[in-house]
Structures are given as structure tokens and as C-alpha cells.
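This is my_file_11.txt. It holds compact mmCIF, C-alpha atoms and all ligand atoms.
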```
# COMPACT_ATOMS: atom_id res chain seq x y z
CA MET A 937 34.65 -13.80 21.75
CA GLY A 938 36.82 -11.13 20.10
CA LEU A 939 35.95 -7.44 19.99
CA ARG A 940 35.52 -7.52 16.23
CA PHE A 941 33.08 -10.42 16.49
CA LYS A 942 30.99 -8.65 19.17
CA TYR A 943 30.97 -5.42 17.18
CA ASN A 944 29.92 -7.19 13.98
CA ILE A 945 27.14 -9.10 15.71
CA VAL A 946 25.68 -5.80 17.05
CA LEU A 947 26.08 -4.19 13.62
CA LEU A 948 24.39 -7.12 11.89
CA LEU A 949 21.48 -7.06 14.35
CA ALA A 950 21.03 -3.31 13.85
CA CYS A 951 21.18 -3.87 10.09
CA ILE A 952 18.52 -6.62 10.11
CA ILE A 953 16.16 -4.65 12.42
CA GLY A 954 16.75 -1.40 10.50
CA ILE A 955 16.22 -2.89 7.04
CA GLY A 956 13.20 -4.92 8.20
CA ALA A 957 11.49 -1.90 9.80
CA ALA A 958 12.26 0.40 6.88
CA ALA A 959 11.05 -2.13 4.30
CA GLY A 960 7.86 -2.82 6.29
CA LEU A 961 7.08 0.88 6.75
CA SER A 962 7.78 1.74 3.11
CA TYR A 963 5.65 -1.19 1.90
CA ARG A 964 2.70 0.12 3.91
CA PHE A 965 3.25 3.74 2.92
CA VAL A 966 3.64 3.07 -0.81
CA GLN A 967 0.72 0.67 -0.83
CA ASP A 968 -1.51 3.21 0.93
CA SER A 969 -0.63 5.94 -1.55
CA ALA A 970 -1.14 3.56 -4.51
CA VAL A 971 -4.57 2.65 -3.07
CA ASP A 972 -5.38 6.38 -2.93
CA GLU A 973 -4.46 6.64 -6.60
CA ILE A 974 -6.65 3.65 -7.51
CA GLU A 975 -9.50 5.28 -5.59
CA ASP A 976 -8.98 8.45 -7.61
CA SER A 977 -9.28 6.56 -10.89
CA ILE A 978 -12.39 4.82 -9.56
CA ARG A 979 -13.92 8.21 -8.72
CA LEU A 980 -13.13 9.32 -12.27
CA LEU A 981 -14.89 6.26 -13.69
CA ARG A 982 -17.85 6.99 -11.46
CA ALA A 983 -18.02 10.59 -12.62
CA ASN A 984 -18.00 9.28 -16.18
CA ALA A 985 -20.84 6.84 -15.44
CA LEU A 986 -22.87 9.65 -13.85
CA ALA A 987 -22.25 11.82 -16.91
CA VAL A 988 -23.48 9.03 -19.20
CA ARG A 989 -26.53 8.61 -16.98
CA SER A 990 -27.40 12.28 -17.05
CA TYR A 991 -26.76 12.57 -20.83
CA THR A 992 -29.10 9.64 -21.44
CA LEU A 993 -31.78 11.13 -19.23
CA THR A 994 -31.68 14.64 -20.64
CA ASN A 995 -30.65 14.05 -24.27
CA ILE A 996 -31.65 10.54 -25.33
CA ASP A 997 -34.71 9.67 -23.28
CA PRO A 998 -36.84 12.66 -24.46
CA LEU A 999 -36.14 11.71 -28.09
CA LEU A 1000 -37.24 8.11 -27.77
CA SER A 1001 -39.54 7.88 -24.77
CA ASP A 1002 -42.68 8.03 -26.96
CA ASP A 1003 -41.54 4.97 -28.88
CA ASN A 1004 -41.06 3.14 -25.58
CA ASP A 1005 -44.79 2.57 -25.33
CA ILE A 1006 -44.69 0.34 -28.39
CA LEU A 1007 -41.22 -1.17 -28.32
CA PHE A 1008 -39.19 -0.62 -25.18
CA LEU A 1009 -35.63 0.43 -25.92
CA PRO A 1010 -33.32 -0.27 -22.96
CA GLU A 1011 -30.88 2.16 -24.66
CA THR A 1012 -33.01 5.01 -23.26
CA VAL A 1013 -32.44 3.79 -19.70
CA THR A 1014 -29.75 5.62 -17.71
CA SER A 1015 -28.53 2.50 -15.96
CA PHE A 1016 -28.37 0.50 -19.20
CA ALA A 1017 -26.40 3.30 -20.89
CA ALA A 1018 -23.88 3.58 -18.04
CA ARG A 1019 -23.35 -0.19 -18.04
CA SER A 1020 -23.01 -0.39 -21.85
CA VAL A 1021 -20.49 2.48 -22.00
CA PHE A 1022 -18.49 0.87 -19.24
CA ALA A 1023 -18.46 -2.40 -21.18
CA ASN A 1024 -16.58 -0.49 -23.90
CA VAL A 1025 -14.13 0.90 -21.32
CA GLN A 1026 -13.60 -2.65 -20.10
CA GLU A 1027 -12.25 -3.66 -23.49
CA HIS A 1028 -9.21 -1.53 -22.63
CA PHE A 1029 -9.22 -2.21 -18.87
CA PRO A 1030 -10.57 -5.75 -18.52
CA GLU A 1031 -9.77 -6.00 -14.82
CA PHE A 1032 -12.04 -3.07 -13.92
CA SER A 1033 -15.74 -3.70 -13.33
CA TYR A 1034 -18.86 -1.56 -12.92
CA LYS A 1035 -22.21 -2.59 -11.53
CA GLU A 1036 -25.37 -0.83 -10.50
CA ALA A 1037 -26.66 -3.19 -7.87
CA ALA A 1038 -30.13 -2.71 -6.40
CA LEU A 1039 -31.86 -4.62 -3.60
CA ASP A 1040 -34.84 -5.34 -5.88
CA PRO A 1041 -33.49 -4.79 -9.39
CA THR A 1042 -35.39 -4.44 -12.66
CA ASN A 1043 -32.72 -6.51 -14.39
CA PRO A 1044 -31.82 -9.69 -12.46
CA ALA A 1045 -28.17 -9.15 -13.52
CA ASP A 1046 -28.15 -6.24 -11.05
CA LEU A 1047 -28.92 -8.44 -8.03
CA PRO A 1048 -26.35 -7.69 -5.33
CA THR A 1049 -23.86 -10.24 -4.02
CA PRO A 1050 -23.92 -10.64 -0.20
CA LEU A 1051 -21.04 -8.13 0.08
CA GLU A 1052 -22.82 -5.63 -2.21
CA LYS A 1053 -26.05 -6.06 -0.25
CA ASP A 1054 -24.16 -5.30 2.94
CA LEU A 1055 -22.76 -2.10 1.40
CA ILE A 1056 -26.23 -1.01 0.19
CA ASP A 1057 -27.64 -1.67 3.69
CA GLN A 1058 -24.93 0.54 5.20
CA PHE A 1059 -25.85 3.38 2.79
CA ARG A 1060 -29.55 2.98 3.62
CA ALA A 1061 -28.82 3.05 7.35
CA ASP A 1062 -26.62 6.15 7.15
CA PRO A 1063 -27.62 8.65 4.42
CA SER A 1064 -24.55 10.81 5.16
CA LEU A 1065 -22.22 8.08 3.81
CA GLU A 1066 -20.85 9.08 0.40
CA GLN A 1067 -18.53 6.22 -0.33
CA LEU A 1068 -17.41 2.87 1.07
CA SER A 1069 -14.15 1.17 0.15
CA THR A 1070 -13.18 -2.41 0.80
CA VAL A 1071 -10.49 -4.79 -0.37
CA VAL A 1072 -11.84 -8.09 -1.67
CA ASP A 1073 -9.78 -11.27 -2.10
CA ARG A 1074 -10.92 -13.11 -5.22
CA GLU A 1075 -9.56 -16.15 -7.08
CA ASP A 1076 -8.12 -13.79 -9.68
CA GLY A 1077 -6.40 -11.57 -7.12
CA ARG A 1078 -7.08 -8.74 -4.68
CA PHE A 1079 -9.47 -6.00 -5.77
CA LEU A 1080 -10.35 -2.60 -4.37
CA THR A 1081 -14.11 -2.24 -4.42
CA VAL A 1082 -15.58 1.21 -3.97
CA ALA A 1083 -19.33 1.71 -3.62
CA PHE A 1084 -21.36 4.91 -4.01
CA PRO A 1085 -25.03 5.20 -3.03
CA LEU A 1086 -27.70 5.25 -5.76
CA THR A 1087 -30.50 7.43 -4.48
CA ILE A 1088 -33.66 8.45 -6.32
CA TYR A 1089 -33.45 12.23 -6.56
CA GLN A 1090 -35.49 12.88 -9.70
CA GLU A 1091 -39.24 12.55 -10.07
CA GLY A 1092 -38.63 11.26 -13.63
CA CYS A 1093 -37.15 8.03 -12.28
CA LEU A 1094 -40.49 7.10 -10.76
CA ARG A 1095 -42.08 7.03 -14.22
CA CYS A 1096 -40.56 3.56 -14.55
CA HIS A 1097 -39.76 2.55 -10.97
CA SER A 1098 -42.91 3.42 -8.94
CA THR A 1099 -45.61 0.96 -10.05
CA PRO A 1100 -45.91 -1.38 -13.06
CA GLU A 1101 -49.11 0.51 -14.04
CA ALA A 1102 -47.23 3.80 -14.31
CA ALA A 1103 -44.34 2.27 -16.27
CA PRO A 1104 -44.31 2.00 -20.08
CA PRO A 1105 -46.25 -1.23 -20.87
CA ALA A 1106 -43.55 -2.35 -23.29
CA MET A 1107 -41.01 -2.14 -20.46
CA VAL A 1108 -43.22 -4.23 -18.18
CA ASP A 1109 -43.58 -6.77 -21.00
CA LEU A 1110 -39.82 -6.99 -21.27
CA TYR A 1111 -38.80 -6.95 -17.59
CA GLY A 1112 -41.97 -8.18 -15.85
CA PRO A 1113 -44.05 -6.43 -13.17
CA ASP A 1114 -42.36 -7.92 -10.10
CA HIS A 1115 -39.03 -6.18 -9.69
CA GLY A 1116 -37.61 -2.68 -9.90
CA PHE A 1117 -40.80 -1.03 -8.62
CA GLY A 1118 -41.95 0.56 -5.37
CA TRP A 1119 -38.98 2.90 -5.23
CA GLU A 1120 -39.53 6.25 -3.54
CA LEU A 1121 -38.11 9.72 -3.91
CA GLY A 1122 -35.07 10.16 -1.62
CA GLU A 1123 -34.70 6.39 -1.16
CA THR A 1124 -31.29 4.76 -1.62
CA VAL A 1125 -32.24 1.78 -3.76
CA GLY A 1126 -28.81 0.45 -4.59
CA ALA A 1127 -25.18 1.31 -5.15
CA GLN A 1128 -22.75 1.93 -7.96
CA ILE A 1129 -20.02 -0.59 -7.35
CA ILE A 1130 -16.68 -0.19 -9.10
CA SER A 1131 -13.78 -2.60 -8.66
CA ALA A 1132 -10.17 -2.16 -9.68
CA PRO A 1133 -7.23 -4.56 -9.28
CA MET A 1134 -4.94 -4.03 -6.31
CA SER A 1135 -2.09 -5.63 -8.25
CA ILE A 1136 -0.86 -2.13 -9.26
CA ALA A 1137 -0.57 -1.12 -5.59
CA ASP A 1138 0.99 -4.43 -4.54
CA LYS A 1139 3.51 -4.35 -7.40
CA ARG A 1140 4.57 -0.79 -6.71
CA ALA A 1141 4.94 -1.43 -2.95
CA LEU A 1142 7.02 -4.56 -3.65
CA GLU A 1143 9.29 -2.75 -6.12
CA THR A 1144 9.89 0.16 -3.72
CA GLY A 1145 10.50 -2.29 -0.86
CA ILE A 1146 13.12 -4.16 -2.90
CA ILE A 1147 14.89 -0.94 -3.98
CA LEU A 1148 14.95 0.20 -0.34
CA ILE A 1149 16.29 -3.15 0.93
CA VAL A 1150 19.03 -3.25 -1.72
CA GLY A 1151 19.96 0.42 -1.07
CA LEU A 1152 20.07 0.02 2.72
CA ALA A 1153 21.99 -3.27 2.45
CA GLY A 1154 24.55 -1.42 0.28
CA VAL A 1155 24.87 1.35 2.88
CA PHE A 1156 25.26 -1.19 5.70
CA LEU A 1157 27.87 -3.09 3.69
CA LEU A 1158 29.85 0.11 3.26
CA VAL A 1159 29.53 0.89 6.99
CA PHE A 1160 30.57 -2.70 7.75
CA VAL A 1161 33.71 -2.58 5.60
CA LEU A 1162 34.81 0.93 6.67
CA THR A 1163 34.20 0.49 10.41
CA ASN A 1164 35.91 -2.91 10.38
CA LEU A 1165 38.94 -1.41 8.65
CA MET A 1166 39.01 1.44 11.18
CA LEU A 1167 38.47 -0.88 14.13
CA GLY A 1168 41.42 -3.03 13.01
CA ARG A 1169 43.75 -0.11 12.30
CA ILE A 1170 42.87 2.20 15.22
CA VAL A 1171 42.01 -0.22 18.01
CA LEU A 1172 42.64 -3.92 17.44
CA ARG A 1173 46.12 -3.93 15.86
CA PRO A 1174 47.69 -1.47 18.39
CA VAL A 1175 45.99 -3.22 21.34
CA ARG A 1176 47.32 -6.58 20.10
CA ARG A 1177 50.85 -5.12 19.78
CA MET A 1178 50.65 -3.60 23.29
CA SER A 1179 49.35 -6.84 24.73
CA GLU A 1180 52.30 -8.77 23.17
CA VAL A 1181 54.75 -6.29 24.70
CA ALA A 1182 52.93 -6.42 28.08
CA GLU A 1183 53.01 -10.19 27.99
CA LYS A 1184 56.82 -10.24 27.51
CA VAL A 1185 57.45 -7.47 30.08
CA SER A 1186 55.30 -9.31 32.62
CA MET A 1187 57.59 -12.31 32.15
CA GLY A 1188 60.61 -10.09 32.94
CA ASP A 1189 61.75 -9.66 29.33
CA PHE A 1190 62.64 -5.97 29.06
CA SER A 1191 64.55 -6.48 25.81
CA VAL A 1192 61.34 -6.18 23.77
CA GLU A 1193 61.11 -2.99 21.79
CA GLU A 1194 58.72 -0.23 23.04
CA TYR A 1195 55.60 0.31 20.99
CA LYS A 1196 54.16 3.79 20.55
CA LYS A 1197 51.01 4.08 18.51
CA PRO A 1198 51.22 7.13 16.26
CA GLY A 1199 48.47 9.75 16.65
CA ARG A 1200 46.74 11.53 19.54
CA ASP A 1201 43.77 9.31 20.29
CA GLU A 1202 43.01 7.34 23.48
CA ILE A 1203 44.88 4.23 22.32
CA SER A 1204 47.98 6.36 21.51
CA SER A 1205 47.95 7.90 25.00
CA LEU A 1206 47.44 4.40 26.47
CA SER A 1207 50.56 3.23 24.61
CA VAL A 1208 52.53 6.24 25.94
CA SER A 1209 51.33 5.58 29.54
CA PHE A 1210 52.12 1.92 29.16
CA ASN A 1211 55.69 2.67 28.00
CA ARG A 1212 56.13 5.03 30.95
CA MET A 1213 54.85 2.40 33.36
CA ARG A 1214 57.16 -0.16 31.79
CA ARG A 1215 60.21 2.12 32.25
CA SER A 1216 59.27 2.77 35.91
CA LEU A 1217 58.88 -0.96 36.42
CA GLU A 1218 62.25 -1.60 34.76
CA ARG A 1219 63.90 1.01 37.03
CA ALA A 1220 62.28 -0.44 40.14
CA MET A 1221 63.36 -3.92 39.19
CA SER A 1222 66.98 -2.80 38.62
CA MET A 1223 66.97 -1.12 42.06
CA ILE A 1224 65.79 -4.38 43.66
CA ASP A 1225 68.50 -6.29 41.77
CA VAL A 1226 71.22 -3.98 43.24
C1 LIG A 1301 -37.80 4.63 -19.06
C2 LIG A 1301 -37.89 3.92 -17.82
C3 LIG A 1301 -36.86 4.18 -16.79
C4 LIG A 1301 -36.55 5.39 -16.23
C5 LIG A 1301 -37.12 6.77 -16.53
C6 LIG A 1301 -35.52 5.11 -15.25
N1 LIG A 1301 -35.25 3.78 -15.22
FE1 LIG A 1301 -33.94 2.87 -14.02
N2 LIG A 1301 -34.16 1.18 -15.06
C7 LIG A 1301 -35.08 0.97 -16.03
C8 LIG A 1301 -34.86 -0.33 -16.63
C9 LIG A 1301 -35.64 -0.94 -17.75
C10 LIG A 1301 -33.75 -0.88 -15.97
C11 LIG A 1301 -33.06 -2.19 -16.29
C12 LIG A 1301 -32.03 -1.90 -17.35
C13 LIG A 1301 -31.15 -3.05 -17.71
O1 LIG A 1301 -31.56 -3.94 -18.44
O2 LIG A 1301 -30.02 -3.02 -17.24
C14 LIG A 1301 -33.36 0.09 -14.99
C15 LIG A 1301 -32.30 -0.09 -14.10
C16 LIG A 1301 -31.98 0.78 -13.09
C17 LIG A 1301 -31.01 0.53 -12.07
C18 LIG A 1301 -30.14 -0.71 -11.94
C19 LIG A 1301 -30.79 -1.72 -11.05
C20 LIG A 1301 -31.91 -2.43 -11.72
O3 LIG A 1301 -33.05 -2.09 -11.35
O4 LIG A 1301 -31.66 -3.27 -12.59
C21 LIG A 1301 -30.99 1.61 -11.27
C22 LIG A 1301 -30.12 1.80 -10.02
C23 LIG A 1301 -31.91 2.55 -11.81
N3 LIG A 1301 -32.50 2.03 -12.91
C24 LIG A 1301 -32.12 3.79 -11.26
C25 LIG A 1301 -32.81 4.76 -11.95
C26 LIG A 1301 -32.78 6.16 -11.60
C27 LIG A 1301 -31.99 6.73 -10.41
C28 LIG A 1301 -33.55 6.80 -12.50
C29 LIG A 1301 -33.79 8.30 -12.59
C30 LIG A 1301 -32.62 9.10 -12.81
C31 LIG A 1301 -34.08 5.81 -13.41
N4 LIG A 1301 -33.61 4.58 -13.05
C32 LIG A 1301 -34.94 6.09 -14.46
C33 LIG A 1301 -36.05 1.84 -16.44
C34 LIG A 1301 -36.03 3.19 -16.15
```
Could you rewrite the structure in this file as C-alpha cells?
Amino acid sequence: MGLRFKYNIVLLLACIIGIGAAAGLSYRFVQDSAVDEIEDSIRLLRANALAVRSYTLTNIDPLLSDDNDILFLPETVTSFAARSVFANVQEHFPEFSYKEAALDPTNPADLPTPLEKDLIDQFRADPSLEQLSTVVDREDGRFLTVAFPLTIYQEGCLRCHSTPEAAPPAMVDLYGPDHGFGWELGETVGAQIISAPMSIADKRALETGIILIVGLAGVFLLVFVLTNLMLGRIVLRPVRRMSEVAEKVSMGDFSVEEYKKPGRDEISSLSVSFNRMRRSLERAMSMIDV
């Protein structure tokens, strides 16, 4: 196995390990930071939903709540307003979704999935939790789902969610008396659940990984070409020449021309020492011959 071969094997191994580790690390890092960005946009959407809720409660509900006794208008309901506004947002961002899931919801569409129920249970068990994030694998791809607790803080909520008797009769007619009641002040009854596609994070991590791999491969190729050129010029070619001369001298052929590698490096001084040794040997041999 020649020196060049051994050197190139080591270089190739270092290149594969280096590129693999760098690509893996960058993939993780870029994906993590893209996930942070997705979480930020989810928090923005949540803030928007909360704003719609509070606007409905303070500006719309007082205007129409009297009519609710005759004909219940879901448009006056905070949750309905937040969901409807989000439906408009979804026209521009169809992969995003918003849900106000409750353990015992007024509207059956708000029933939690097993995963959502688990998140609500975690909020109920630990009131200090402000947010829970999880990545969900669905048929249509991977999604980042972030949940925020929905807690009853205002007395006004109980007007419709305490008992069917206290609620506007028209609302009970529309939604029935069995669900969405019995909620208490301070109780976490559900969660706002917002999902966004992870494809943005995955795509960005993949693109950065590819750029890094191509860049590092280019650098390694340059190192490969330059070091191989240097190895040939500085070490291999002179060593080969010296070994040819040594071979002939060892067979008693002193007619072969001396080789002195130009320069001041180790191989040059080896060639000088070798020539000196060869001359001493030649002299010794001629003394024996006499
Ligand atoms: C005027 C009556 C009314 C008031 C006041 C009201 N809600 Fe509701 N709430 C409803 C109705 C009706 C629904 C079902 C709306 C729909 O069709 O999506 C609902 C839905 C919800 C939901 C979604 C889960 C479910 O039950 O379907 C949550 C969470 C919720 N309300 C919380 C609150 C909170 C918190 C307040 C106080 C800030 C509040 N509600 C005030 C009537 C009311």
C-alpha cells in the first residue's frame, strides 16, 4: 500500500466523518431555529384570536345580547368569532388550523381529539403551564401543534356556561342543555390549539444541509488536490529518485548520478546525507579493492 494511498484513505475518512457531522449538526440547528420561528407565528395568531375574543366580548356582545333572548346569534360568542375570523385567515394559509377544544364543549365540533384531551388534562393538572408544543405526524405531513390553556377568568362567561337555566333560552334551544355548562371561575375548561406545517422548517434545514455538504465537499476537494500535488512533489518523487539511486548503489553500481533534492526541508537533508554516505561507501569499497 503506497504512501499516497494511505494518506488519501485517511483524508477521505476525515472528509466523510467531518461532512456527516457538520451536516447532521446544521440540520438540527437550522430545524430548531425554524421551529422557534413557527412558534412565534403561532403565538401571533393566538394573540390575534384573543384580540378577536375580547373585541367580541366588549364591543359586539353588549350591542346584541338583548336580542339573544329571542334569536340566539352565535356571532356574539367570543369563541365563534375567533373561529370565524381564523377561517378567513385560513383562506390565505390553508395549512394552518385553529381550534378551541373543550372537554365538554357547547359545540360538538369543539370536542377534543385524544391528543388534544391529553394536552387539556396537562393544563388542568398544572395551572402554571402556559403553553405546550408537540410535533404531530399526519397523513398530510408533520405539523407543529401548540396549545394554550383556556381558563374562565371573567364572570361574564358564566352567563352562558354555568347552568342551562342561567343561559339565554334561545342559546339552549340552539345548542341543547347538555354540554358547555357547569364551568367554574378559574377552571381551565379547554385549550386553544393552533397547528402549523413543519414543512417550512424541514425544507430550510434540508437546503442549509445541502449547501453545507456541497461547500465542505468543495473545500475537501481543494485540500485533496493541493495536498496530493505537494505530497508528490515534496515527498514521493524525491524519495522514489533516492530509492532508485540507493538500489543501484547497493548493487555496486557507483556510476549512477547523485541526486540532491533542492530546498532545505527534511527530504533535502536526507538526500544530502545519503550522497555523503554513498561517497564514504564508495571510498571504503575502493580501499578494499586496493
Ligand atoms: C352569550 C353566551 C356566551 C358567553 C357570554 C360566552 N360563551 Fe363561550 N360559547 C357560547 C356558545 C354558544 C359556544 C359555541 C359556539 C360555536 O358554535 O362555536 C361557546 C363556545 C365556547 C368555547 C369553545 C368550546 C365549546 O364549548 O364549544 C369556549 C372555550 C368558550 N366558549 C369559552 C368562553 C369564555 C372563556 C367566555 C368568557 C370570556 C365565554 N365562553 C362566554 C356561548 C357563550
Show me, as JSON lines, the residues of chain A having an atom within 8 Å of ligand LIG 1301 (chain A), each with the closest atom pair and its distance in Å, using all atoms listed in the file.
```
{"residue": "A:Arg989", "atom": "CA", "partner": "A:LIG1301", "partner_atom": "C30", "distance": 7.4}
{"residue": "A:Ser990", "atom": "CA", "partner": "A:LIG1301", "partner_atom": "C30", "distance": 7.4}
{"residue": "A:Leu993", "atom": "CA", "partner": "A:LIG1301", "partner_atom": "C30", "distance": 6.8}
{"residue": "A:Asp997", "atom": "CA", "partner": "A:LIG1301", "partner_atom": "C1", "distance": 7.3}
{"residue": "A:Ser1001", "atom": "CA", "partner": "A:LIG1301", "partner_atom": "C1", "distance": 6.8}
{"residue": "A:Asn1004", "atom": "CA", "partner": "A:LIG1301", "partner_atom": "C1", "distance": 7.4}
{"residue": "A:Pro1010", "atom": "CA", "partner": "A:LIG1301", "partner_atom": "C9", "distance": 5.7}
{"residue": "A:Thr1012", "atom": "CA", "partner": "A:LIG1301", "partner_atom": "C1", "distance": 6.4}
{"residue": "A:Val1013", "atom": "CA", "partner": "A:LIG1301", "partner_atom": "C34", "distance": 5.1}
{"residue": "A:Thr1014", "atom": "CA", "partner": "A:LIG1301", "partner_atom": "C31", "distance": 6.1}
{"residue": "A:Ser1015", "atom": "CA", "partner": "A:LIG1301", "partner_atom": "C16", "distance": 4.8}
{"residue": "A:Phe1016", "atom": "CA", "partner": "A:LIG1301", "partner_atom": "O2", "distance": 4.4}
{"residue": "A:Arg1019", "atom": "CA", "partner": "A:LIG1301", "partner_atom": "O2", "distance": 7.3}
{"residue": "A:Glu1036", "atom": "CA", "partner": "A:LIG1301", "partner_atom": "C18", "distance": 5.0}
{"residue": "A:Ala1037", "atom": "CA", "partner": "A:LIG1301", "partner_atom": "C19", "distance": 5.4}
{"residue": "A:Ala1038", "atom": "CA", "partner": "A:LIG1301", "partner_atom": "C19", "distance": 4.8}
{"residue": "A:Asp1040", "atom": "CA", "partner": "A:LIG1301", "partner_atom": "O3", "distance": 6.6}
{"residue": "A:Pro1041", "atom": "CA", "partner": "A:LIG1301", "partner_atom": "O3", "distance": 3.4}
{"residue": "A:Thr1042", "atom": "CA", "partner": "A:LIG1301", "partner_atom": "O3", "distance": 3.6}
{"residue": "A:Asn1043", "atom": "CA", "partner": "A:LIG1301", "partner_atom": "O4", "distance": 3.9}
{"residue": "A:Pro1044", "atom": "CA", "partner": "A:LIG1301", "partner_atom": "O4", "distance": 6.4}
{"residue": "A:Ala1045", "atom": "CA", "partner": "A:LIG1301", "partner_atom": "O4", "distance": 6.9}
{"residue": "A:Asp1046", "atom": "CA", "partner": "A:LIG1301", "partner_atom": "O4", "distance": 4.8}
{"residue": "A:Leu1047", "atom": "CA", "partner": "A:LIG1301", "partner_atom": "O4", "distance": 7.4}
{"residue": "A:Leu1086", "atom": "CA", "partner": "A:LIG1301", "partner_atom": "C22", "distance": 6.0}
{"residue": "A:Thr1087", "atom": "CA", "partner": "A:LIG1301", "partner_atom": "C27", "distance": 6.2}
{"residue": "A:Ile1088", "atom": "CA", "partner": "A:LIG1301", "partner_atom": "C27", "distance": 4.7}
{"residue": "A:Tyr1089", "atom": "CA", "partner": "A:LIG1301", "partner_atom": "C27", "distance": 6.9}
{"residue": "A:Gln1090", "atom": "CA", "partner": "A:LIG1301", "partner_atom": "C30", "distance": 5.7}
{"residue": "A:Glu1091", "atom": "CA", "partner": "A:LIG1301", "partner_atom": "C29", "distance": 7.4}
{"residue": "A:Gly1092", "atom": "CA", "partner": "A:LIG1301", "partner_atom": "C5", "distance": 5.6}
{"residue": "A:Cys1093", "atom": "CA", "partner": "A:LIG1301", "partner_atom": "C29", "distance": 3.4}
{"residue": "A:Leu1094", "atom": "CA", "partner": "A:LIG1301", "partner_atom": "C5", "distance": 6.7}
{"residue": "A:Arg1095", "atom": "CA", "partner": "A:LIG1301", "partner_atom": "C5", "distance": 5.5}
{"residue": "A:Cys1096", "atom": "CA", "partner": "A:LIG1301", "partner_atom": "C2", "distance": 4.2}
{"residue": "A:His1097", "atom": "CA", "partner": "A:LIG1301", "partner_atom": "N1", "distance": 6.3}
{"residue": "A:Ala1103", "atom": "CA", "partner": "A:LIG1301", "partner_atom": "C2", "distance": 6.8}
{"residue": "A:Pro1104", "atom": "CA", "partner": "A:LIG1301", "partner_atom": "C2", "distance": 7.1}
{"residue": "A:Met1107", "atom": "CA", "partner": "A:LIG1301", "partner_atom": "C9", "distance": 6.1}
{"residue": "A:Tyr1111", "atom": "CA", "partner": "A:LIG1301", "partner_atom": "C9", "distance": 6.8}
{"residue": "A:His1115", "atom": "CA", "partner": "A:LIG1301", "partner_atom": "O3", "distance": 7.4}
{"residue": "A:Gly1116", "atom": "CA", "partner": "A:LIG1301", "partner_atom": "O3", "distance": 4.8}
{"residue": "A:Val1125", "atom": "CA", "partner": "A:LIG1301", "partner_atom": "C22", "distance": 6.6}
{"residue": "A:Gly1126", "atom": "CA", "partner": "A:LIG1301", "partner_atom": "C22", "distance": 5.7}
{"residue": "A:Ala1127", "atom": "CA", "partner": "A:LIG1301", "partner_atom": "C22", "distance": 7.0}
{"residue": "A:Gln1128", "atom": "CA", "partner": "A:LIG1301", "partner_atom": "C22", "distance": 7.7}
```
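The space between atom CA of Asp1201 of chain A and atom CA of Ile1170 of chain A spans 8.8 Å.
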Correct to one decimal, the distance atom CA of Thr992 of chain A-atom CA of Asn1024 of chain A is 16.3 Å
Considering all atoms listed in the file, can you say which of A:Leu1206, A:Asp1189, A:Val1108, A:Val1155 comes closest to Pro1174 of chain A?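 Closest residue, counting all atoms listed in the file: A:Leu1206.
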As a check of understanding: the span from atom CA of Val1192 of chain A to atom CA of Gly1168 of chain A is 22.9 Å
Closest of A:Ile1203, A:Leu1217, A:Val1161, A:Leu981 to Phe1022 of chain A, counting all atoms listed in the file, is A:Leu981
Inset, instruction - Would you mind telling me which residue in A:Ile945, A:Val1021, A:Ala950, A:Leu961 lies nearest to Ala1153 of chain A when using all atoms listed in the file? - result: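 The closest residue to Ala1153 of chain A is A:Ala950.
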**Item:** Who sits within 12 Å of Asp972 of chain A, all atoms listed in the file, same chain under 5 positions skipped, as a PyMOL selection string
**Value:** chain A and resi 965-967+977-979+1069+1080+1082+1132+1134+1136-1137
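Of the listed residues (A:Arg1219, A:Ser1204, A:Gly1188, A:Ile1149), A:Ile1149 comes nearest to Ala957 of chain A; the distances count only C-alpha atoms.
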Hey, can I get the axis-aligned box for segment 1182-1190 of chain A? All listed atoms, 3 Å padding on each side, centre and edge lengths in Å to one decimal, as AutoDock Vina command-line options.
```
--center_x 57.8 --center_y -9.1 --center_z 30.2 --size_x 15.7 --size_y 12.3 --size_z 11.4
```
Assuming the input is short of atoms at segment 1020-1031 of chain A, produce N, CA and C atoms for that part as a PDB file, keeping the file's coordinate frame.
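result_34.pdb was written with the following content:
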```pdb
ATOM      1  N   SER A1020     -23.485  -0.097 -20.491  1.00  0.00           N
ATOM      2  CA  SER A1020     -23.010  -0.390 -21.850  1.00  0.00           C
ATOM      3  C   SER A1020     -21.728   0.392 -22.156  1.00  0.00           C
ATOM      4  N   VAL A1021     -21.702   1.675 -21.739  1.00  0.00           N
ATOM      5  CA  VAL A1021     -20.490   2.480 -22.000  1.00  0.00           C
ATOM      6  C   VAL A1021     -19.313   1.887 -21.239  1.00  0.00           C
ATOM      7  N   PHE A1022     -19.590   1.445 -20.013  1.00  0.00           N
ATOM      8  CA  PHE A1022     -18.490   0.870 -19.240  1.00  0.00           C
ATOM      9  C   PHE A1022     -17.970  -0.421 -19.869  1.00  0.00           C
ATOM     10  N   ALA A1023     -18.896  -1.160 -20.510  1.00  0.00           N
ATOM     11  CA  ALA A1023     -18.460  -2.400 -21.180  1.00  0.00           C
ATOM     12  C   ALA A1023     -17.409  -2.074 -22.243  1.00  0.00           C
ATOM     13  N   ASN A1024     -17.577  -0.920 -22.906  1.00  0.00           N
ATOM     14  CA  ASN A1024     -16.580  -0.490 -23.900  1.00  0.00           C
ATOM     15  C   ASN A1024     -15.253  -0.142 -23.229  1.00  0.00           C
ATOM     16  N   VAL A1025     -15.346   0.547 -22.058  1.00  0.00           N
ATOM     17  CA  VAL A1025     -14.130   0.900 -21.320  1.00  0.00           C
ATOM     18  C   VAL A1025     -13.384  -0.379 -20.932  1.00  0.00           C
ATOM     19  N   GLN A1026     -14.186  -1.382 -20.559  1.00  0.00           N
ATOM     20  CA  GLN A1026     -13.600  -2.650 -20.100  1.00  0.00           C
ATOM     21  C   GLN A1026     -12.766  -3.360 -21.159  1.00  0.00           C
ATOM     22  N   GLU A1027     -13.055  -3.055 -22.427  1.00  0.00           N
ATOM     23  CA  GLU A1027     -12.250  -3.660 -23.490  1.00  0.00           C
ATOM     24  C   GLU A1027     -10.785  -3.243 -23.337  1.00  0.00           C
ATOM     25  N   HIS A1028     -10.583  -2.016 -22.831  1.00  0.00           N
ATOM     26  CA  HIS A1028      -9.210  -1.530 -22.630  1.00  0.00           C
ATOM     27  C   HIS A1028      -8.701  -1.853 -21.227  1.00  0.00           C
ATOM     28  N   PHE A1029      -9.604  -1.919 -20.258  1.00  0.00           N
ATOM     29  CA  PHE A1029      -9.220  -2.210 -18.870  1.00  0.00           C
ATOM     30  C   PHE A1029     -10.047  -3.391 -18.359  1.00  0.00           C
ATOM     31  N   PRO A1030      -9.699  -4.611 -18.827  1.00  0.00           N
ATOM     32  CA  PRO A1030     -10.570  -5.750 -18.520  1.00  0.00           C
ATOM     33  C   PRO A1030     -10.671  -6.087 -17.036  1.00  0.00           C
ATOM     34  N   GLU A1031      -9.713  -5.615 -16.232  1.00  0.00           N
ATOM     35  CA  GLU A1031      -9.770  -6.000 -14.820  1.00  0.00           C
ATOM     36  C   GLU A1031     -10.688  -5.076 -14.004  1.00  0.00           C
TER      37      GLU A1031
END
```
